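Data first, discussion second: the structure below is written as structure tokens.
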Amino acid sequence: MKTVDDFISSVRRNLVENRAKVEEWDLSGVMQWDFREDTGEQFHLVLTPGAFQVVMGAHPSPDFIVVAPFQYFSRMVTGEIDHDEAVRSGMIKPVGDLNFGEKFSLLYRSIL
């Protein structure tokens with residue numbers, strides 16, 4: 001994963017290809033990624049029962065935000081860097097409803 005666009009495409013593809021599993025989780029809320037530190041980009045994912053939408057830009061009231069330099073985040077997603085280590089180091093900052101963030105993370109890992 002070299003670019004934010006690659007990551008967004010991956011999120012969309014994984015959610016579409018695993019729609020039934022996503023629906024089983026019945027997760028509702030807004031997950032946002034903030035990569036402004038190194039790419040200037042933000043996007044968010046709106047999850048509702050049976051549907052989702054990926055949108056460029058910030059959401060006015062996301063449930064959970066991942067704030068990180070994209071290059072560091074992408075290394076975590078590919079397994080180069082451990083998630084807990086990334087958070088402890090402060091390079092990846094979770095903001096908001098940690099319960100929602102954890103549920104989304106578990107869902108996403110289950111469809112990779």
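Each chain in the structure tokens gets a letter, A, B and so on, in the order shown; residues start at 1 in every chain, and ligands are counted from 1 in the order they appear.
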I'd like a table as CSV: residues in range 37-73 of chain A with an atom no more than 12 Å from range 80-97 of chain A, each row giving the shortest atom pair and its distance in Å to one decimal, only C-alpha atoms counted, sorted by chain and rising residue number.
residue,atom,partner,partner_atom,distance
A:Glu37,CA,A:Met91,CA,10.6
A:Asp38,CA,A:Met91,CA,12.0
A:Ser61,CA,A:Gly96,CA,9.9
A:Pro62,CA,A:Gly96,CA,7.9
A:Asp63,CA,A:Asp97,CA,5.7
A:Phe64,CA,A:Gly96,CA,4.6
A:Ile65,CA,A:Val95,CA,5.0
A:Val66,CA,A:Pro94,CA,5.0
A:Val67,CA,A:Lys93,CA,5.0
A:Ala68,CA,A:Ile92,CA,4.7
A:Pro69,CA,A:Met91,CA,7.3
A:Phe70,CA,A:Ile92,CA,9.5
A:Gln71,CA,A:Met91,CA,10.4
A:Tyr72,CA,A:Met91,CA,7.2
A:Phe73,CA,A:Ile92,CA,7.0
Written file, previous selection with C-alpha atoms, as an mmCIF file, in the first residue's frame:
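In the end it all went to again-v4.cif:
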data_model
loop_
_atom_site.group_PDB
_atom_site.id
_atom_site.type_symbol
_atom_site.label_atom_id
_atom_site.label_comp_id
_atom_site.auth_asym_id
_atom_site.auth_seq_id
_atom_site.Cartn_x
_atom_site.Cartn_y
_atom_site.Cartn_z
ATOM 1 C CA GLU A 37 0.559 15.274 8.758
ATOM 2 C CA ASP A 38 2.279 13.881 5.671
ATOM 3 C CA SER A 61 -18.757 14.271 14.190
ATOM 4 C CA PRO A 62 -16.872 10.999 13.695
ATOM 5 C CA ASP A 63 -17.105 8.304 16.350
ATOM 6 C CA PHE A 64 -13.443 7.380 16.061
ATOM 7 C CA ILE A 65 -10.434 8.947 14.363
ATOM 8 C CA VAL A 66 -7.028 7.503 13.560
ATOM 9 C CA VAL A 67 -4.507 10.343 13.384
ATOM 10 C CA ALA A 68 -1.143 9.346 11.932
ATOM 11 C CA PRO A 69 1.393 10.011 9.224
ATOM 12 C CA PHE A 70 0.228 7.789 6.365
ATOM 13 C CA GLN A 71 3.667 6.278 5.842
ATOM 14 C CA TYR A 72 3.738 5.109 9.467
ATOM 15 C CA PHE A 73 0.121 3.907 9.363
#
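Relative to CA of Ala20 in chain A, CA of Phe43 in chain A is found at 23.5 Å.
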Which residues, written as a PyMOL selection string, have at least one atom at most 10 Å from range 98-110 of chain A, with only C-alpha atoms counted and residues fewer than 6 positions away on the same chain left out? chain A and resi 11+14-15+18+21-22+24-25+27-32+47+63-66+77
Just-selected residues, N, CA and C atoms written as a JSON list (two decimals), in the first residue's frame:
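Generated output (again_33.json):
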[["chain", "number", "residue", "atom", "x", "y", "z"],
["A", 11, "VAL", "N", -10.00, -0.57, 1.38],
["A", 11, "VAL", "CA", -11.13, -0.55, 2.32],
["A", 11, "VAL", "C", -12.43, -0.83, 1.57],
["A", 14, "ASN", "N", -12.54, -4.55, 0.26],
["A", 14, "ASN", "CA", -12.74, -5.53, 1.33],
["A", 14, "ASN", "C", -14.15, -5.48, 1.89],
["A", 15, "LEU", "N", -14.72, -4.29, 2.01],
["A", 15, "LEU", "CA", -16.08, -4.18, 2.52],
["A", 15, "LEU", "C", -17.09, -4.73, 1.51],
["A", 18, "ASN", "N", -16.93, -8.55, 1.19],
["A", 18, "ASN", "CA", -17.33, -9.24, 2.42],
["A", 18, "ASN", "C", -18.58, -8.62, 3.03],
["A", 21, "LYS", "N", -20.48, -10.47, 5.83],
["A", 21, "LYS", "CA", -19.79, -10.46, 7.12],
["A", 21, "LYS", "C", -19.90, -9.09, 7.78],
["A", 22, "VAL", "N", -19.79, -8.03, 6.98],
["A", 22, "VAL", "CA", -19.93, -6.66, 7.50],
["A", 22, "VAL", "C", -21.32, -6.50, 8.11],
["A", 24, "GLU", "N", -23.21, -8.82, 9.35],
["A", 24, "GLU", "CA", -23.31, -9.62, 10.57],
["A", 24, "GLU", "C", -22.83, -8.83, 11.79],
["A", 25, "TRP", "N", -21.83, -7.99, 11.61],
["A", 25, "TRP", "CA", -21.28, -7.22, 12.72],
["A", 25, "TRP", "C", -22.25, -6.14, 13.18],
["A", 27, "LEU", "N", -22.46, -2.98, 12.78],
["A", 27, "LEU", "CA", -21.73, -1.85, 13.35],
["A", 27, "LEU", "C", -22.20, -0.56, 12.69],
["A", 28, "SER", "N", -22.57, 0.41, 13.51],
["A", 28, "SER", "CA", -23.01, 1.71, 12.99],
["A", 28, "SER", "C", -22.13, 2.81, 13.58],
["A", 29, "GLY", "N", -21.71, 3.72, 12.73],
["A", 29, "GLY", "CA", -20.91, 4.85, 13.19],
["A", 29, "GLY", "C", -20.02, 5.37, 12.09],
["A", 30, "VAL", "N", -19.17, 6.30, 12.46],
["A", 30, "VAL", "CA", -18.26, 6.92, 11.50],
["A", 30, "VAL", "C", -16.82, 6.72, 11.95],
["A", 31, "MET", "N", -16.06, 6.09, 11.09],
["A", 31, "MET", "CA", -14.62, 5.87, 11.28],
["A", 31, "MET", "C", -13.89, 6.86, 10.38],
["A", 32, "GLN", "N", -12.95, 7.60, 10.93],
["A", 32, "GLN", "CA", -12.24, 8.60, 10.13],
["A", 32, "GLN", "C", -10.73, 8.38, 10.22],
["A", 47, "LEU", "N", -20.73, 3.83, 8.44],
["A", 47, "LEU", "CA", -21.30, 2.48, 8.51],
["A", 47, "LEU", "C", -22.70, 2.56, 9.11],
["A", 63, "ASP", "N", -17.15, 9.05, 15.09],
["A", 63, "ASP", "CA", -17.11, 8.30, 16.35],
["A", 63, "ASP", "C", -15.67, 8.00, 16.76],
["A", 64, "PHE", "N", -14.83, 7.75, 15.77],
["A", 64, "PHE", "CA", -13.44, 7.38, 16.06],
["A", 64, "PHE", "C", -12.55, 7.91, 14.95],
["A", 65, "ILE", "N", -11.38, 8.41, 15.34],
["A", 65, "ILE", "CA", -10.43, 8.95, 14.36],
["A", 65, "ILE", "C", -9.07, 8.31, 14.60],
["A", 66, "VAL", "N", -8.42, 7.93, 13.52],
["A", 66, "VAL", "CA", -7.03, 7.50, 13.56],
["A", 66, "VAL", "C", -6.22, 8.66, 12.98],
["A", 77, "VAL", "N", -0.35, -1.33, 9.01],
["A", 77, "VAL", "CA", -1.34, -2.16, 8.32],
["A", 77, "VAL", "C", -0.69, -3.37, 7.66]]
Which residues are close to Met56 in chain A, i.e. within 12 Å by only C-alpha atoms, leaving aside same-chain residues fewer than 5 positions away? Reply as a list in words. Val4, Asp5, Ile8, Ser9, Met31, Gln32, Trp33, Asp34, Phe35, Gly40, Glu41, Gln42, Phe43, His44, Leu45 and Val46 of chain A
Can I get the selection written as a CSV table (one decimal), in the first residue's frame, with N, CA and C atoms?
chain,number,residue,atom,x,y,z
A,4,VAL,N,-2.6,6.8,-0.1
A,4,VAL,CA,-3.9,6.9,0.6
A,4,VAL,C,-5.0,6.3,-0.4
A,5,ASP,N,-4.9,6.7,-1.6
A,5,ASP,CA,-5.9,6.1,-2.6
A,5,ASP,C,-5.8,4.6,-2.6
A,8,ILE,N,-7.7,3.5,0.5
A,8,ILE,CA,-9.2,3.7,0.3
A,8,ILE,C,-9.7,2.6,-0.6
A,9,SER,N,-9.1,2.3,-1.7
A,9,SER,CA,-9.5,1.3,-2.6
A,9,SER,C,-9.6,-0.1,-1.9
A,31,MET,N,-16.1,6.1,11.1
A,31,MET,CA,-14.6,5.9,11.3
A,31,MET,C,-13.9,6.9,10.4
A,32,GLN,N,-12.9,7.6,10.9
A,32,GLN,CA,-12.2,8.6,10.1
A,32,GLN,C,-10.7,8.4,10.2
A,33,TRP,N,-10.0,8.6,9.1
A,33,TRP,CA,-8.6,8.5,9.1
A,33,TRP,C,-8.1,9.9,8.7
A,34,ASP,N,-7.1,10.4,9.5
A,34,ASP,CA,-6.5,11.7,9.3
A,34,ASP,C,-5.0,11.6,9.1
A,35,PHE,N,-4.7,11.7,7.8
A,35,PHE,CA,-3.3,11.6,7.4
A,35,PHE,C,-2.7,13.0,7.0
A,40,GLY,N,-1.7,15.4,3.8
A,40,GLY,CA,-2.8,16.4,3.7
A,40,GLY,C,-4.2,15.8,3.5
A,41,GLU,N,-4.3,14.5,3.6
A,41,GLU,CA,-5.6,13.9,3.3
A,41,GLU,C,-6.3,13.4,4.5
A,42,GLN,N,-7.7,13.4,4.4
A,42,GLN,CA,-8.5,12.8,5.4
A,42,GLN,C,-9.7,12.1,4.6
A,43,PHE,N,-10.2,11.0,5.2
A,43,PHE,CA,-11.4,10.4,4.6
A,43,PHE,C,-12.1,9.7,5.8
A,44,HIS,N,-13.4,9.4,5.5
A,44,HIS,CA,-14.1,8.7,6.6
A,44,HIS,C,-15.0,7.7,5.9
A,45,LEU,N,-15.4,6.8,6.8
A,45,LEU,CA,-16.3,5.7,6.4
A,45,LEU,C,-17.5,5.7,7.3
A,46,VAL,N,-18.7,5.8,6.7
A,46,VAL,CA,-20.0,5.9,7.4
A,46,VAL,C,-20.6,4.4,7.3
Quick one: residues within 8 Å of Glu23 in chain A, only C-alpha atoms, excluding same-chain residues fewer than 5 positions away - as JSON, numbers by chain? {"A": [49, 50, 51]}
